[in-house]
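See structure below.
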Number of protein chains: 2
Amino acid sequence: MDISEVAKISGVPASTLRYYEEINLIRSVGRHGLRRVFNSDVLERLALIALGRAAGLTLDEIGSMFTEDGKPAIDRQLLANKADELDQSIRKLTTMRDGLRHAATCSAPSHMECPKFRRLMGFASLKAGNAKTKTKKPPSNKKN
Amino acid sequence: MDISEVAKISGVPASTLRYYEEINLIRSVGRHGLRRVFNSDVLERLALIALGRAAGLTLDEIGSMFTEDGKPAIDRQLLANKADELDQSIRKLTTMRDGLRHAATCSAPSHMECPKFRRLMGFASLKAGNAKTKTKKPPSNKKN
DNA sequence: GTAATTCCTCAAGTCGACTTGAGGTCAAGG
DNA sequence: CCTTGACCTCAAGTCGACTTGAGGAATTAC
């Protein structure tokens, strides 16, 4: 398969595929002229990468989940840790969501006078760890 | 109050306070020599900012929640939207967490042979929106 | 009075995951 | 055979929210 086919099927832009290859996350099996040729098993690998990303792993962490010969060698401990992290995030986000929900409908004259809101404010300042929750903007993904 | 006091009380580094002032998120009330002087109400504002950050708002969005004269003018619609976004994220993270949890303990010889894992993989590739969930590393926060 | 703090400004750097662009190459279709 | 379009490389740019560092000034401590 050539790169555009992999891109089309996987939904991963060609530029990203080149980048992934550069950092050794995926491999092409050779070249046809100067064009990369991919084996179809790259698709499964990409799915695995997508899963890792969705779970909040860095590309480095994902990279460490493959053995030298390309087979997945998933670290169960890492997975469990990530699950715990997600759990933390979920709790926090849930608190925030409820707080926002309340603030959006609260009838106090000013939010500053609403006790729930103030409590939430205190909570946020305290554990100033941040949980980013970006909903991805489609990165101008014109499929070549 | 001078900047180091605000930093100490709020937990926000001085460099960040300067940055926030630069982008008009907070205001100092004057100078003592060349040093900024802050009014104590900046603390409430910082708490509000922390809350916004924790809820996933950008600094721009947070900035738009204050009126020209510095009073909070919270946009209930924005809050409700953010709450919905959080809800989306929570759902997704929950799926991921459960998936990871399972993967971490699954007894299938290879993850690739576990139907649940494969289903999760498909799920992740499909909706390739990403939910970042970084647990903040303390940014070398030596409180001057 | 002077040294030591603490603060200042401004430009540039950081991080992760990519994207963009200029300039070049090559294989397939007409 | 030659054009065209898909692909290539490599360097640099992007985004958000800050941090870092150099070089300087004013305040506080002694």
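Residue numbering restarts at 1 for every chain of the structure tokens, chains are lettered A, B, ... in their displayed order, and ligands are numbered from 1 as they appear.
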
key: Neighbour list for Arg101 (chain B) as a ChimeraX atom specification, cut-off 9 Å, only C-alpha atoms (C1' of nucleotides), skip fewer than 3 positions in-chain   = /A:76,79-80,82-84 /B:96-98,104-106

task = With a distance cut-off of 9 Å and only C-alpha atoms (C1' of nucleotides), select the neighbouring residues of Ser64 (chain A), excluding the residue or stretch itself and same-chain residues fewer than 3 positions from it, and output the selection as a PyMOL selection string.
result = chain A and resi 59-61+67+73-75

ask   = Which parts of chain B does DSSP call strand (DSSP E) when run on the backbone here, written out as a list in words?
value =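 DSSP on the backbone gives strand (DSSP E) at Gly30, Arg31, His32, Arg35, Arg36 and Val37 of chain B.
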
Any chance you could export the current selection's C-alpha atoms as a short mmCIF file (atom, residue, chain, number, x, y, z; two decimals), in the first residue's frame?
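Below is the file result.cif, written as the result:
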data_model
loop_
_atom_site.label_atom_id
_atom_site.label_comp_id
_atom_site.auth_asym_id
_atom_site.auth_seq_id
_atom_site.Cartn_x
_atom_site.Cartn_y
_atom_site.Cartn_z
CA GLY B 30 0.03 50.52 41.11
CA ARG B 31 3.72 50.48 41.71
CA HIS B 32 6.00 51.01 44.62
CA ARG B 35 7.46 46.84 42.00
CA ARG B 36 3.88 45.92 41.39
CA VAL B 37 1.40 46.43 44.16
#

task = Tell me which protein, DNA and RNA residues are within 9 Å of Thr94 (chain B), counting only C-alpha atoms (C1' of nucleotides), leaving out same-chain ones fewer than 4 positions away, and put them as a list in words.
result =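 Near Thr94 (chain B), the qualifying residues are Leu86, Asp87 and Ile90 of chain A; Ser89, Ile90, Asp98 and Gly99 of chain B.
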
Quick one: which chain A residues come within 10 Å of chain D, and what is the nearest atom pair for each with the distance in Å to one decimal, counting only C-alpha atoms (C1' of nucleotides), rows ordered by chain and ascending number, as a Markdown table?
| residue | atom | partner | partner_atom | distance |
| --- | --- | --- | --- | --- |
| A:Asp2 | CA | D:DC7 | C1' | 9.4 |
| A:Ile3 | CA | D:DC7 | C1' | 8.6 |
| A:Ser4 | CA | D:DA6 | C1' | 8.8 |
| A:Gly33 | CA | D:DC7 | C1' | 9.6 |
| A:Leu34 | CA | D:DC8 | C1' | 6.3 |
| A:Arg35 | CA | D:DC7 | C1' | 5.9 |
| A:Arg36 | CA | D:DC7 | C1' | 8.5 |
| A:Asn144 | CA | D:DA6 | C1' | 8.9 |

request  = Write down as a ChimeraX atom specification the residues belonging to region 53-87 of chain B that are assigned alpha helix (DSSP H) by DSSP computed on the backbone.
outcome  = /B:53-54,59-63,76-87

request  = Name all residues at most 10 Å from Asn24 (chain B) (count only C-alpha atoms (C1' of nucleotides); drop same-chain ones fewer than 4 positions away) and give them as number ranges by chain.
outcome  = B: 18-20, 28, 60, 63

Okay, now the selection with N, CA and C atoms, as a CSV table (one decimal), in the first residue's frame?
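Generated output (result.csv):
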chain,number,residue,atom,x,y,z
B,18,ARG,N,2.8,37.9,36.5
B,18,ARG,CA,3.2,38.9,35.5
B,18,ARG,C,2.6,38.7,34.2
B,19,TYR,N,2.6,37.4,33.8
B,19,TYR,CA,2.1,37.0,32.5
B,19,TYR,C,0.6,37.3,32.5
B,20,TYR,N,-0.1,37.0,33.6
B,20,TYR,CA,-1.6,37.2,33.6
B,20,TYR,C,-1.9,38.7,33.5
B,28,SER,N,-2.7,45.0,38.6
B,28,SER,CA,-2.1,45.5,39.8
B,28,SER,C,-2.6,46.9,40.0
B,60,ASP,N,-8.3,32.9,27.3
B,60,ASP,CA,-9.1,33.8,26.6
B,60,ASP,C,-10.6,33.8,27.0
B,63,GLY,N,-10.9,35.3,30.3
B,63,GLY,CA,-10.8,36.7,30.2
B,63,GLY,C,-12.2,37.3,29.9

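Checking C:DT9, C:DT25, C:DT2, C:DT20 one by one against chain B, counting only C-alpha atoms (C1' of nucleotides), you find the shortest gap at C:DT9.
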
request  = At a cut-off of 12 Å, list the chain C residues touching chain B, using only C-alpha atoms (C1' of nucleotides), as a ChimeraX atom specification.
outcome  = /C:5-9,14-17

Written file, previous selection with C-alpha atoms (C1' of nucleotides), as a PDB file, in the first residue's frame:
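Writing the result to selection39.pdb gives the following:
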ATOM      1  C1'  DT C   5      17.470  41.074  48.061  1.00  0.00           C
ATOM      2  C1'  DT C   6      13.816  41.265  45.380  1.00  0.00           C
ATOM      3  C1'  DC C   7      11.771  42.888  41.803  1.00  0.00           C
ATOM      4  C1'  DC C   8      11.738  44.586  36.986  1.00  0.00           C
ATOM      5  C1'  DT C   9      11.602  44.099  31.472  1.00  0.00           C
ATOM      6  C1'  DT C  14       9.888  24.849  26.280  1.00  0.00           C
ATOM      7  C1'  DC C  15       6.729  20.905  25.552  1.00  0.00           C
ATOM      8  C1'  DG C  16       4.164  17.450  22.465  1.00  0.00           C
ATOM      9  C1'  DA C  17       2.420  16.257  18.364  1.00  0.00           C
TER      10       DA C  17
END

key: Distance in Å - CA of Leu17 (chain B) versus CA of Arg119 (chain A)   =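 Interatomic distance here is 23.0 Å.
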
request  = Between B:Ile62, B:Leu48, B:Ile26, B:Cys114, single out the one closest to chain A, counting only C-alpha atoms.
outcome  =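 The closest residue to chain A is B:Leu48.
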
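Pairwise distance (CA of Pro13 (chain A), CA of Leu46 (chain A)) equals 11.5 Å.
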